[in-house]
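Shown next, in structure tokens, is the structure this report addresses.
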Amino acid sequence: MKSEEFNSCMAYVLADNIISPLGETSEENYLAVKAGKSGIRAYANGSHGIPDGFVASLMSRDFEKMVIDSAKKAIVASQVDVAHEKVALILSSTKGEIERLGKVDDEDIELGTLAERIAQQLGIRTKPFVVCNACISGLSALILASRLLSAEKYDYAVVCGCDCPGRFIVSGFQSLKALSTEQCRPFDIERFGLNLGEAVATLVLAKNTPRQDEVWQIGHGFIRNDAFHISAPSKTSEGLYQALSLTMSGVDKDWLAFVNAHGTATLFNDQMESIAIQRAGLSNVPTNALKGYFGHTLGAAGVLETILSMKAVDDHTIIGTRGYKELGVSGKVNVFAENRPTDKKTFIKMLSGFGGCNATMLASKESATFRKEKHSIKTFTTTHRVSISTTEVIVDGTPLSIEQGSNGLLTNIYKQKIGEYPKYYKMDGLCRLGFVASELLLQAEGNVRFKDCYDRAVVLFNRSSSISSDKKFLKSIQDKENYFPSPSVFVYTLPNIVTGEIAIRNHYYGETSFYILPSKNERQMNEVLETVFVDTQCKSVLTGWIDYEDGEHFEADLMLIEI
């Protein structure tokens with residue numbers, strides 16, 4: 001059954017803003033980058049309460065204030081009345097105000113609650129969306145915005161990405177041995193790792209453009225999972241390659257000014273990206289990375305680097321990759337250190353992140369770049385449903401009998417109904433909950449399992465993010481005299497890891513996304529889910545609400561939906 005039809009997903013850019021150590025506006029930041037400046041510097045031992053020194057690009061500002069400042073500047077420039085009933089706020093962040101954990105009530109730093117406060121201060125009346133999809137969060141937010149606008153769910157979207165790394169985040173990346181002791185060098189043979197960065201970036205988007213001249217359009221965005229590992233990039237770059245190929249469908253590579261890569265300067269990420277670029281036939285297209293100027297800005301990266309790439313194209317420039325000297329990846333990619341001219345008006349933005357997620361998006365100032373296809377929002381049906389609370393398990397409306405044991409409900413379910421997947425015992429509480437609920441759901445479906453699947457998405461929602469693992473990790477860095485940050489715990493402080501665990505278990509290469517809402521809101525959830533099927537490869541979605549605060553407070557309500 002069809003509802004309203006709409007053109008291919010795309011949105012028009014009305015205004016933007018970037019606040020970083022390099023400037024308070026997008027223009028200031030772009031000119032600094034063009035001049036080769038970097039905000040990255042060394043921080044001495046003990047800085048930010050971290051025993052070991054590190055190299056990063058930080059401002060040490062208040063998260064909420066930064067987001068409001070950036071969003072207000074972009075909103076004023078856009079001239080949009082955000083009190084309009086069809087304006088969406090989409091916040092992109094990996095950890096929000098996590099540095100305040102243990103200093104304030106948990107509810108005060110919940111990303112959904114935080115986004116509500118921000119929306120109120122901006123004068124936005126609708127319920128906000130928070131995209132928490134690891135390092136691809138910024139692109140995921142832009143893809144969601146273009147889908148919602150194209151489907152006419154909203155007329156405008158304010159998309160803001162922000163993260164403010166401090167002791168929690170820096171120590172976590174240190175535990176993973178991912179940080180460089182010098183300024184990062186993307187794609188270079190001597191790269192040692194990444195630098196973290198602090199920034200906020202905002203784009204105001206519209207479903208229509210009021211202007212007659214050329215304006216930036218974003219669209220053709222795809223998200224795909226590697227189904228390989230929760231923290232290590234795929235050796236074949238399958239997820240990124242699939243997303244890139246879909247984004248390039250119908251697009252002549254000669255239209256591209258460049259591919260703006262994730263380019264974290266870690267050994268395996270840059271290698272994976274080079275393989276994806278080569279597999280997609282884009283080896284000769286210029287490729288650049290901007291992490292040498294700002295560091296890895298986490299939830300801000302997708303928005304920030306998209307804005308800077310737009311500014312560069314407007315200036316007929318391809319920004320060089322700072323720190324690059326000699327190619328150090330096996331895939332053939334066209335990377336260079338110096339700025340170069342271009343007369344093209346289209347680029348690809350790529351990101352990859354923990355949980356095996358990858359995102360790519362096309363941006364262009366030439367309307368002919370985008371296919372004029374008709375899509376329709378399709379109604380979906382629920383085929384199976386599983387609910388788990390602390391007191392009961394219900395599968396398709398029927399209570400499931402689980403024998404009592406000393407291991408807790410989730411482990412009892414695992415032992416009695418699943419078994420034979422020892423990785424379960426390495427998972428945190430949120431992932432265990434998602435794992436057992438998804439297993440019961442897929443058992444109810446009864447289809448053949450564990451074969452490569454490209455047409456099923458995993459899209460989950462919750463309120464409290466990964467609070468249980470957050471608290472566990474905080475304990476490991478609380479005492480300066482007994483400082484032992486755990487890499488295995490830190491990885492699970494990203495809530496989207498649960499989608500990665502499900503994808504790996506079931507060989508799902510489709511979209512995986514994680515959203516945080518102020519509360520369980522079926523209307524908001526359905527708005528997202530209806531647009532997931534705009535990705536025409538997607539035929540079904542494993543989705544629902546999954547919230548885990550601790551062993552005595554959790555809830556899963558998962559379902560399989562199909563069009």
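Letters A, B, ... mark the chains of the structure tokens in the order given; residue numbers begin at 1 per chain; ligand numbers begin at 1, in order shown.
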
Using only C-alpha atoms, which protein or nucleic acid residues come within 6 Å of region 154-170 of chain A? Drop anything in the same chain fewer than 6 positions from it, and give the result as a PDB file with N, CA and C atoms, in the first residue's frame.
```pdb
ATOM      1  N   HIS A  48      43.589  17.518  31.633  1.00  0.00           N
ATOM      2  CA  HIS A  48      42.241  16.965  31.613  1.00  0.00           C
ATOM      3  C   HIS A  48      42.097  15.756  32.557  1.00  0.00           C
ATOM      4  N   ILE A  50      44.155  13.289  32.872  1.00  0.00           N
ATOM      5  CA  ILE A  50      44.657  12.069  32.245  1.00  0.00           C
ATOM      6  C   ILE A  50      46.145  11.946  32.550  1.00  0.00           C
ATOM      7  N   LYS A  86       6.779  22.074  11.409  1.00  0.00           N
ATOM      8  CA  LYS A  86       7.433  21.022  10.629  1.00  0.00           C
ATOM      9  C   LYS A  86       8.933  21.277  10.504  1.00  0.00           C
ATOM     10  N   VAL A  87       9.558  21.625  11.644  1.00  0.00           N
ATOM     11  CA  VAL A  87      11.012  21.790  11.717  1.00  0.00           C
ATOM     12  C   VAL A  87      11.559  20.710  12.651  1.00  0.00           C
ATOM     13  N   ALA A  88      12.519  19.945  12.168  1.00  0.00           N
ATOM     14  CA  ALA A  88      13.107  18.864  12.963  1.00  0.00           C
ATOM     15  C   ALA A  88      14.483  19.267  13.465  1.00  0.00           C
ATOM     16  N   LEU A  89      14.796  18.869  14.692  1.00  0.00           N
ATOM     17  CA  LEU A  89      16.154  18.970  15.208  1.00  0.00           C
ATOM     18  C   LEU A  89      16.740  17.572  15.237  1.00  0.00           C
ATOM     19  N   ILE A  90      17.876  17.398  14.558  1.00  0.00           N
ATOM     20  CA  ILE A  90      18.571  16.120  14.552  1.00  0.00           C
ATOM     21  C   ILE A  90      19.965  16.356  15.119  1.00  0.00           C
ATOM     22  N   LEU A  91      20.209  15.799  16.295  1.00  0.00           N
ATOM     23  CA  LEU A  91      21.496  15.964  16.966  1.00  0.00           C
ATOM     24  C   LEU A  91      22.334  14.713  16.745  1.00  0.00           C
ATOM     25  N   SER A  92      23.579  14.933  16.352  1.00  0.00           N
ATOM     26  CA  SER A  92      24.512  13.839  16.112  1.00  0.00           C
ATOM     27  C   SER A  92      25.631  13.894  17.146  1.00  0.00           C
ATOM     28  N   SER A  93      25.768  12.818  17.930  1.00  0.00           N
ATOM     29  CA  SER A  93      26.825  12.792  18.937  1.00  0.00           C
ATOM     30  C   SER A  93      27.112  11.352  19.334  1.00  0.00           C
ATOM     31  N   GLY A  96      27.972  12.841  23.808  1.00  0.00           N
ATOM     32  CA  GLY A  96      27.297  13.975  24.423  1.00  0.00           C
ATOM     33  C   GLY A  96      28.052  14.554  25.598  1.00  0.00           C
ATOM     34  N   GLU A  99      31.362  13.492  29.864  1.00  0.00           N
ATOM     35  CA  GLU A  99      32.392  13.930  30.805  1.00  0.00           C
ATOM     36  C   GLU A  99      31.797  14.396  32.136  1.00  0.00           C
ATOM     37  N   GLY A 138      27.400  11.697  12.167  1.00  0.00           N
ATOM     38  CA  GLY A 138      27.120  12.925  11.417  1.00  0.00           C
ATOM     39  C   GLY A 138      26.510  12.657  10.058  1.00  0.00           C
ATOM     40  N   GLU A 198      37.691  18.444  19.062  1.00  0.00           N
ATOM     41  CA  GLU A 198      36.450  18.981  19.627  1.00  0.00           C
ATOM     42  C   GLU A 198      35.895  20.021  18.665  1.00  0.00           C
ATOM     43  N   ALA A 199      34.621  19.882  18.329  1.00  0.00           N
ATOM     44  CA  ALA A 199      34.008  20.826  17.395  1.00  0.00           C
ATOM     45  C   ALA A 199      32.499  20.642  17.414  1.00  0.00           C
ATOM     46  N   VAL A 200      31.822  21.636  16.861  1.00  0.00           N
ATOM     47  CA  VAL A 200      30.387  21.537  16.617  1.00  0.00           C
ATOM     48  C   VAL A 200      30.140  22.072  15.211  1.00  0.00           C
ATOM     49  N   ALA A 201      29.237  21.445  14.493  1.00  0.00           N
ATOM     50  CA  ALA A 201      28.931  21.874  13.132  1.00  0.00           C
ATOM     51  C   ALA A 201      27.438  21.724  12.883  1.00  0.00           C
ATOM     52  N   THR A 202      26.847  22.695  12.198  1.00  0.00           N
ATOM     53  CA  THR A 202      25.404  22.715  11.962  1.00  0.00           C
ATOM     54  C   THR A 202      25.094  22.988  10.502  1.00  0.00           C
ATOM     55  N   LEU A 203      24.143  22.247   9.972  1.00  0.00           N
ATOM     56  CA  LEU A 203      23.569  22.520   8.652  1.00  0.00           C
ATOM     57  C   LEU A 203      22.064  22.694   8.799  1.00  0.00           C
ATOM     58  N   VAL A 204      21.525  23.731   8.183  1.00  0.00           N
ATOM     59  CA  VAL A 204      20.072  23.906   8.098  1.00  0.00           C
ATOM     60  C   VAL A 204      19.647  23.495   6.700  1.00  0.00           C
ATOM     61  N   LEU A 205      18.754  22.511   6.633  1.00  0.00           N
ATOM     62  CA  LEU A 205      18.337  21.929   5.367  1.00  0.00           C
ATOM     63  C   LEU A 205      16.855  22.181   5.128  1.00  0.00           C
ATOM     64  N   ALA A 206      16.467  22.181   3.859  1.00  0.00           N
ATOM     65  CA  ALA A 206      15.069  22.391   3.489  1.00  0.00           C
ATOM     66  C   ALA A 206      14.657  21.394   2.422  1.00  0.00           C
ATOM     67  N   LYS A 207      13.356  21.098   2.360  1.00  0.00           N
ATOM     68  CA  LYS A 207      12.870  20.181   1.332  1.00  0.00           C
ATOM     69  C   LYS A 207      12.782  20.872  -0.021  1.00  0.00           C
ATOM     70  N   GLY A 299      31.147  12.661  16.593  1.00  0.00           N
ATOM     71  CA  GLY A 299      29.806  12.931  16.089  1.00  0.00           C
ATOM     72  C   GLY A 299      29.681  14.171  15.242  1.00  0.00           C
ATOM     73  N   ALA A 300      30.660  15.061  15.308  1.00  0.00           N
ATOM     74  CA  ALA A 300      30.644  16.268  14.473  1.00  0.00           C
ATOM     75  C   ALA A 300      31.255  16.034  13.104  1.00  0.00           C
TER      76      ALA A 300
END
```

Would you mind listing, for every residue of region 200-255 of chain A within 12 Å of region 133-137 of chain A, the two atoms forming the shortest contact and the distance between them in Å to one decimal, using only C-alpha atoms, sorted by chain and ascending residue number, as CSV?
```
residue,atom,partner,partner_atom,distance
A:Gly221,CA,A:Ile136,CA,11.8
A:Phe222,CA,A:Ile136,CA,11.0
A:Ile223,CA,A:Ile136,CA,8.9
A:Arg224,CA,A:Ile136,CA,10.7
A:Asn225,CA,A:Ile136,CA,11.3
A:Ile230,CA,A:Ala134,CA,10.9
A:Ser231,CA,A:Ala134,CA,10.6
A:Leu240,CA,A:Ile136,CA,11.3
```

May I have all residues of region 34-264 of chain A that DSSP, computed from the backbone, assigns to alpha helix (DSSP H), given as a PDB file with C-alpha atoms, in the first residue's frame?
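Contents of selection.pdb, freshly written:
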```
ATOM      1  CA  LYS A  34      43.067  26.359   3.169  1.00  0.00           C
ATOM      2  CA  PHE A  63      28.579  20.751  25.067  1.00  0.00           C
ATOM      3  CA  GLU A  64      25.085  22.177  25.369  1.00  0.00           C
ATOM      4  CA  LYS A  65      26.222  25.765  24.975  1.00  0.00           C
ATOM      5  CA  MET A  66      28.345  24.903  21.939  1.00  0.00           C
ATOM      6  CA  VAL A  67      25.439  23.229  20.185  1.00  0.00           C
ATOM      7  CA  ILE A  68      23.092  26.130  20.899  1.00  0.00           C
ATOM      8  CA  ASP A  69      25.658  28.722  19.756  1.00  0.00           C
ATOM      9  CA  SER A  70      26.324  26.943  16.478  1.00  0.00           C
ATOM     10  CA  ALA A  71      22.700  26.122  15.743  1.00  0.00           C
ATOM     11  CA  LYS A  72      21.566  29.690  16.460  1.00  0.00           C
ATOM     12  CA  LYS A  73      24.121  31.132  14.053  1.00  0.00           C
ATOM     13  CA  ALA A  74      23.046  28.772  11.293  1.00  0.00           C
ATOM     14  CA  ILE A  75      19.335  29.307  11.974  1.00  0.00           C
ATOM     15  CA  VAL A  76      19.699  33.097  11.843  1.00  0.00           C
ATOM     16  CA  ALA A  77      21.568  32.846   8.549  1.00  0.00           C
ATOM     17  CA  SER A  78      18.916  30.528   7.109  1.00  0.00           C
ATOM     18  CA  LEU A 111      21.207  12.596  25.038  1.00  0.00           C
ATOM     19  CA  GLY A 112      17.455  12.578  24.429  1.00  0.00           C
ATOM     20  CA  THR A 113      16.807  14.820  27.419  1.00  0.00           C
ATOM     21  CA  LEU A 114      19.723  17.033  26.422  1.00  0.00           C
ATOM     22  CA  ALA A 115      18.367  17.351  22.877  1.00  0.00           C
ATOM     23  CA  GLU A 116      14.957  18.332  24.270  1.00  0.00           C
ATOM     24  CA  ARG A 117      16.541  21.134  26.316  1.00  0.00           C
ATOM     25  CA  ILE A 118      18.441  22.329  23.251  1.00  0.00           C
ATOM     26  CA  ALA A 119      15.310  22.253  21.093  1.00  0.00           C
ATOM     27  CA  GLN A 120      13.406  24.311  23.667  1.00  0.00           C
ATOM     28  CA  GLN A 121      16.160  26.931  23.867  1.00  0.00           C
ATOM     29  CA  LEU A 122      16.246  27.151  20.074  1.00  0.00           C
ATOM     30  CA  SER A 137      26.764   9.648  13.327  1.00  0.00           C
ATOM     31  CA  GLY A 138      27.120  12.925  11.417  1.00  0.00           C
ATOM     32  CA  LEU A 139      26.489  11.354   8.017  1.00  0.00           C
ATOM     33  CA  SER A 140      23.728   9.182   9.468  1.00  0.00           C
ATOM     34  CA  ALA A 141      22.050  12.379  10.692  1.00  0.00           C
ATOM     35  CA  LEU A 142      22.302  14.021   7.273  1.00  0.00           C
ATOM     36  CA  ILE A 143      20.927  10.908   5.577  1.00  0.00           C
ATOM     37  CA  LEU A 144      18.016  10.820   8.032  1.00  0.00           C
ATOM     38  CA  ALA A 145      17.339  14.524   7.405  1.00  0.00           C
ATOM     39  CA  SER A 146      17.299  14.115   3.616  1.00  0.00           C
ATOM     40  CA  ARG A 147      14.912  11.161   3.922  1.00  0.00           C
ATOM     41  CA  LEU A 148      12.525  12.966   6.282  1.00  0.00           C
ATOM     42  CA  LEU A 149      12.492  16.094   4.135  1.00  0.00           C
ATOM     43  CA  SER A 150      12.059  14.263   0.846  1.00  0.00           C
ATOM     44  CA  ARG A 167      39.073  12.382  30.281  1.00  0.00           C
ATOM     45  CA  PHE A 168      36.433   9.733  29.488  1.00  0.00           C
ATOM     46  CA  ILE A 169      36.839   9.735  25.709  1.00  0.00           C
ATOM     47  CA  VAL A 170      40.593  10.372  25.522  1.00  0.00           C
ATOM     48  CA  SER A 171      41.391   7.622  28.025  1.00  0.00           C
ATOM     49  CA  GLY A 172      39.140   5.265  26.099  1.00  0.00           C
ATOM     50  CA  PHE A 173      40.978   5.802  22.834  1.00  0.00           C
ATOM     51  CA  GLN A 174      44.275   5.528  24.705  1.00  0.00           C
ATOM     52  CA  SER A 175      43.173   2.120  25.980  1.00  0.00           C
ATOM     53  CA  GLU A 238      32.540  -4.938   2.188  1.00  0.00           C
ATOM     54  CA  GLY A 239      30.197  -2.545   4.008  1.00  0.00           C
ATOM     55  CA  LEU A 240      31.935   0.617   2.835  1.00  0.00           C
ATOM     56  CA  TYR A 241      32.244  -0.735  -0.694  1.00  0.00           C
ATOM     57  CA  GLN A 242      28.522  -1.552  -0.810  1.00  0.00           C
ATOM     58  CA  ALA A 243      27.565   1.911   0.464  1.00  0.00           C
ATOM     59  CA  LEU A 244      29.954   3.619  -1.939  1.00  0.00           C
ATOM     60  CA  SER A 245      28.741   1.610  -4.930  1.00  0.00           C
ATOM     61  CA  LEU A 246      25.105   2.425  -4.180  1.00  0.00           C
ATOM     62  CA  THR A 247      25.896   6.120  -3.743  1.00  0.00           C
ATOM     63  CA  MET A 248      27.721   6.133  -7.087  1.00  0.00           C
TER      64      MET A 248
END
```

For region 256-269 of chain A, find every residue with an atom within 9 Å (counting only C-alpha atoms), except residues of its own chain fewer than 6 positions away, and show them as an NGL selection string. :A and (178-180 or 184-188 or 191-195 or 232-235 or 277 or 282 or 285-292 or 295-296 or 301-302 or 305-306 or 309 or 313 or 317-318 or 328-329 or 342-353 or 364)

What does the structure give for the distance between CA of Tyr508 (chain A) and CA of Phe450 (chain A), in Å to one decimal? 8.6 Å

Check region 207-364 of chain A with DSSP on the backbone and list each residue it calls strand (DSSP E or B), as number ranges by chain. A: 217-225, 256-260, 286-288, 296, 317-318, 327, 334-335, 340-341, 346-353, 357-364
